[in-house]
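K.L.:
This is the structure I have questions about; it appears just below.
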Amino acid sequence: MESKYVLALDVGTTTARCFLLDQTTAVIGRASHEIKHQYPQIGHDEIEPEELWTKVVSVLREAVTVAGIKPHQIACIGISTQRSTFITWHRETGKPFHNFITWKDVRADGLVRQWNDSLKMKGLRMGAFCCHAISRSNRFLAGSVLKLMNSQVTLRLVWVLENVEELQKAVKCHDAMFGTIDTWLLYRLTGGRIHVTDVSNASATGFYDPFTMEWANWCLRLFHIPSDILPEVWDTAADFGCITSDIVGAAIPICSVVADQAGSLFGSCCFEKGDVKITMGTGTFLNVNTGCKPQASLAGLYPQIGWRLGDEIVFVMEGASHDTGSLIKWAEQIGLLSDPSDSSDMANSVQDSNGLCFIPAFSGIQAPVNNFQAAAGFIGIKPTTNRQHMVRAILESIVFRMLQLYEALQREVKNKYTSIRVDGGVSQNDFVVQLLADLTGLKVERPESSEMTMLGAAFLAGLHGGVWQSKDELRVLRKVDRVFEPRGHVYEEYDSIFTLWSQALDRFLNWYDI
């Protein structure tokens, strides 16, 4: 019997990567290219589409070449992408009207603040509050605390519709198409045959309703977003067509498309209600499988769709802290450490942080504090403070933010949590992962590979493409590198330290007048 292989394409914020896996999930070929960002104006963050396309084609070809197999041996392709980065293009010519506008772009910040303070939004929230009081529906509870964010597509798309003249003309002639990265990649990989997205990517835009499982018409009308530019929304695993044969030498079926955090949840085999994973990358994302019904949050956590596979729909509650790996990179840049891999040993080389606190707020403080005017910085520096204390304080702050998210999750999503599965580059830091176990009181499982997003895309494609037959088979393939057990005495020692850090955090809130 001929071996079956799965190709997994992962287009993140900073890199485009491709992995070729065999049926045991062993990686037999891989390739990676950096994604360059452009910053034409303050607050603008863009990716040039043709350059991204060149990188995507290159990693696909290189991964297959490195593996040394024939393209026809590849059963299917799975795709995972960053969320909420979008582009618009002409329906007939395929020509983009502008560069990709990334999820980190804040050009629409003025619109975000204007809309959040507007009478329309206040009226909408009040109306939803009253409806929830009568119906007790989670959908109206979510609406009662609705707050627009720069990371959502909604107002960045409004900005484009108001400011790009060629797009305006195309919209009037019904010649415009919109898509997040996954949609555009499917369009290009299939030679322009399909204009679709999946539910996990659609739910992250800000104008897809996870409670009704369709584009939110009330939102489209409110913000004057034309519905005919939007893609169809398909299952996360489906027959998305084939890549054109000129890319790797064969027309290989595309069998899954998934948003990065949903892919990580699936790759971590968080298939049951109450399963929790934390991705520690550039930022931190805590996700819990909430089962077949979406949840609502008052603390700033937000409902997402994990995946839809036929009749199975899995919803997710998510909380984020936008500064994690970026903090360690910053510490390296300013000379606090010479190599990120040294940070764990440096933190463990001192007994404590010597009363020093660090507030990790380069991008503000997200849920459950939700203060985007917060500043980052140290407080409590003494003549005896050294580099080791500073590095330890930074790593502690990363875990303190995770603890805040977990405590918010405990309050709002009532489940019995027994363990946390982690992935992402920062999950290789033993100090961070052990302290997470200590402060949450849960076992923390770290996999052999930190590439859970890629693995999730591969699992979804392979299930649909017949490489694997069941989730039980995937569970067997999941490999755990180490389990970190909580230490009760450390939890007690950190009670006063976390209290001090919380007081320090209060000092840094509302620092910027924006």
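By order in the structure tokens, chains are A, B, ...; within a chain, residues start at 1; ligands start at 1, following the order shown.
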Find the residues around Pro253 of chain A up to 12 Å (only C-alpha atoms counted), leave out those fewer than 3 positions away in its own chain, and share them as a VMD selection string.
P.N.:
chain A and resid 5 to 8 71 to 79 186 189 to 190 237 to 245 250 256 to 257 461 to 462 464 to 466
K.L.:
Using only C-alpha atoms, please write the residues we just selected to a file, as a short mmCIF file (atom, residue, chain, number, x, y, z; two decimals), in the first residue's frame.
P.N.:
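Dumped to selection_4.cif:
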```
data_model
loop_
_atom_site.label_atom_id
_atom_site.label_comp_id
_atom_site.auth_asym_id
_atom_site.auth_seq_id
_atom_site.Cartn_x
_atom_site.Cartn_y
_atom_site.Cartn_z
CA TYR A 5 1.15 12.31 2.80
CA VAL A 6 -0.48 15.55 3.93
CA LEU A 7 0.77 19.01 3.03
CA ALA A 8 0.12 21.71 5.67
CA PRO A 71 3.62 15.20 -5.84
CA HIS A 72 0.92 12.65 -6.73
CA GLN A 73 1.68 10.85 -3.44
CA ILE A 74 0.25 13.82 -1.51
CA ALA A 75 -3.33 13.02 -0.57
CA CYS A 76 -4.45 16.53 0.39
CA ILE A 77 -3.53 19.99 1.62
CA GLY A 78 -4.64 21.77 4.80
CA ILE A 79 -4.32 25.55 5.21
CA LEU A 186 -8.07 29.66 -2.03
CA LEU A 189 -4.44 28.43 -5.47
CA THR A 190 -7.46 27.20 -7.42
CA ALA A 237 -13.03 20.61 6.21
CA ALA A 238 -14.55 20.36 2.75
CA ASP A 239 -13.76 19.89 -0.93
CA PHE A 240 -12.23 23.28 -1.67
CA GLY A 241 -11.02 22.24 -5.11
CA CYS A 242 -7.44 21.52 -6.15
CA ILE A 243 -4.36 23.65 -6.39
CA THR A 244 -3.38 24.22 -9.99
CA SER A 245 -0.87 21.64 -11.23
CA ALA A 250 0.11 17.92 -9.42
CA SER A 256 -9.27 22.12 5.05
CA VAL A 257 -9.04 25.81 5.80
CA ALA A 461 -7.43 17.85 5.90
CA GLY A 462 -6.33 14.28 6.57
CA HIS A 464 -11.57 14.70 5.26
CA GLY A 465 -9.14 13.25 2.72
CA GLY A 466 -9.12 9.75 4.20
#
```
K.L.:
Residues at most 10 Å from Asp430 of chain A, counting only C-alpha atoms, excluding those fewer than 5 positions away in the same chain, as a list of chain:residue names?
P.N.:
A:Ser341, A:Ser343, A:Ser344, A:Asp345, A:Asn348, A:Leu435, A:Leu436, A:Arg446, A:Phe484
K.L.:
Selected residues, C-alpha atoms, written as a tab-separated table (two decimals), in the first residue's frame, please.
P.N.:
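Contents of again.tsv, as written:
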```
chain	number	residue	atom	x	y	z
A	341	SER	CA	16.58	30.44	25.31
A	343	SER	CA	15.63	33.56	29.82
A	344	SER	CA	14.35	30.56	31.79
A	345	ASP	CA	17.75	29.86	33.38
A	348	ASN	CA	15.60	30.60	37.93
A	435	LEU	CA	4.73	28.91	36.89
A	436	LEU	CA	1.53	28.63	34.84
A	446	ARG	CA	3.63	20.53	26.52
A	484	PHE	CA	4.29	20.18	34.47
```
K.L.:
Of the candidates A:Arg421, A:His224, A:Lys273, A:Lys382, which shows the shortest atom-to-atom distance to Lys479 of chain A, using only C-alpha atoms?
P.N.:
A:Arg421
K.L.:
Between atom CA of Glu48 of chain A and atom CA of Thr102 of chain A, what is the distance in Å, rounded to a tenth?
P.N.:
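Atom CA of Thr102 of chain A lies at a distance of 10.6 Å from atom CA of Glu48 of chain A.
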K.L.:
Show which residues sit within 10 Å of Ile101 of chain A, as a PyMOL selection string. Count only C-alpha atoms, and ignore same-chain residues fewer than 5 positions away.
P.N.:
chain A and resi 37-38+44-48+84-88+106-107+153+156-157+160+180-181
K.L.:
Kindly export the residues of the current selection with C-alpha atoms, as a PDB file, in the first residue's frame.
P.N.:
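Produced file out.pdb, reproduced below:
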```pdb
ATOM      1  CA  HIS A  37       5.389  44.038   6.357  1.00  0.00           C
ATOM      2  CA  GLN A  38       5.101  47.566   5.012  1.00  0.00           C
ATOM      3  CA  HIS A  44      -0.633  51.285   8.943  1.00  0.00           C
ATOM      4  CA  ASP A  45       0.522  47.651   8.735  1.00  0.00           C
ATOM      5  CA  GLU A  46       0.357  46.047   5.272  1.00  0.00           C
ATOM      6  CA  ILE A  47       1.551  43.030   3.287  1.00  0.00           C
ATOM      7  CA  GLU A  48       2.091  43.268  -0.462  1.00  0.00           C
ATOM      8  CA  SER A  84      -8.625  39.257  10.316  1.00  0.00           C
ATOM      9  CA  THR A  85      -5.998  40.313   7.763  1.00  0.00           C
ATOM     10  CA  PHE A  86      -7.906  41.150   4.579  1.00  0.00           C
ATOM     11  CA  ILE A  87      -7.794  42.377   1.001  1.00  0.00           C
ATOM     12  CA  THR A  88     -10.253  43.356  -1.733  1.00  0.00           C
ATOM     13  CA  VAL A 106      -4.776  50.706  13.546  1.00  0.00           C
ATOM     14  CA  ARG A 107      -5.610  53.137  10.738  1.00  0.00           C
ATOM     15  CA  VAL A 153     -12.031  43.578  10.210  1.00  0.00           C
ATOM     16  CA  ARG A 156     -10.800  48.688   8.775  1.00  0.00           C
ATOM     17  CA  LEU A 157     -13.018  47.505   5.917  1.00  0.00           C
ATOM     18  CA  VAL A 160     -11.131  51.071   2.893  1.00  0.00           C
ATOM     19  CA  THR A 180      -9.290  37.381   4.548  1.00  0.00           C
ATOM     20  CA  ILE A 181      -5.989  35.674   3.734  1.00  0.00           C
TER      21      ILE A 181
END
```
K.L.:
Could you name the residues that touch Ser32 of chain A at 7 Å or less, counting only C-alpha atoms, but leaving out those on the same chain fewer than 6 positions away, as a PyMOL selection string?
P.N.:
chain A and resi 15-18+59
K.L.:
Quick one: residues within 9 Å of Val350 of chain A, only C-alpha atoms counted, chain neighbours fewer than 4 positions away excluded, as a list in words?
P.N.:
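Near Val350 of chain A, the qualifying residues are Met346, Asn354, Gln388, His389 and Arg392 of chain A.
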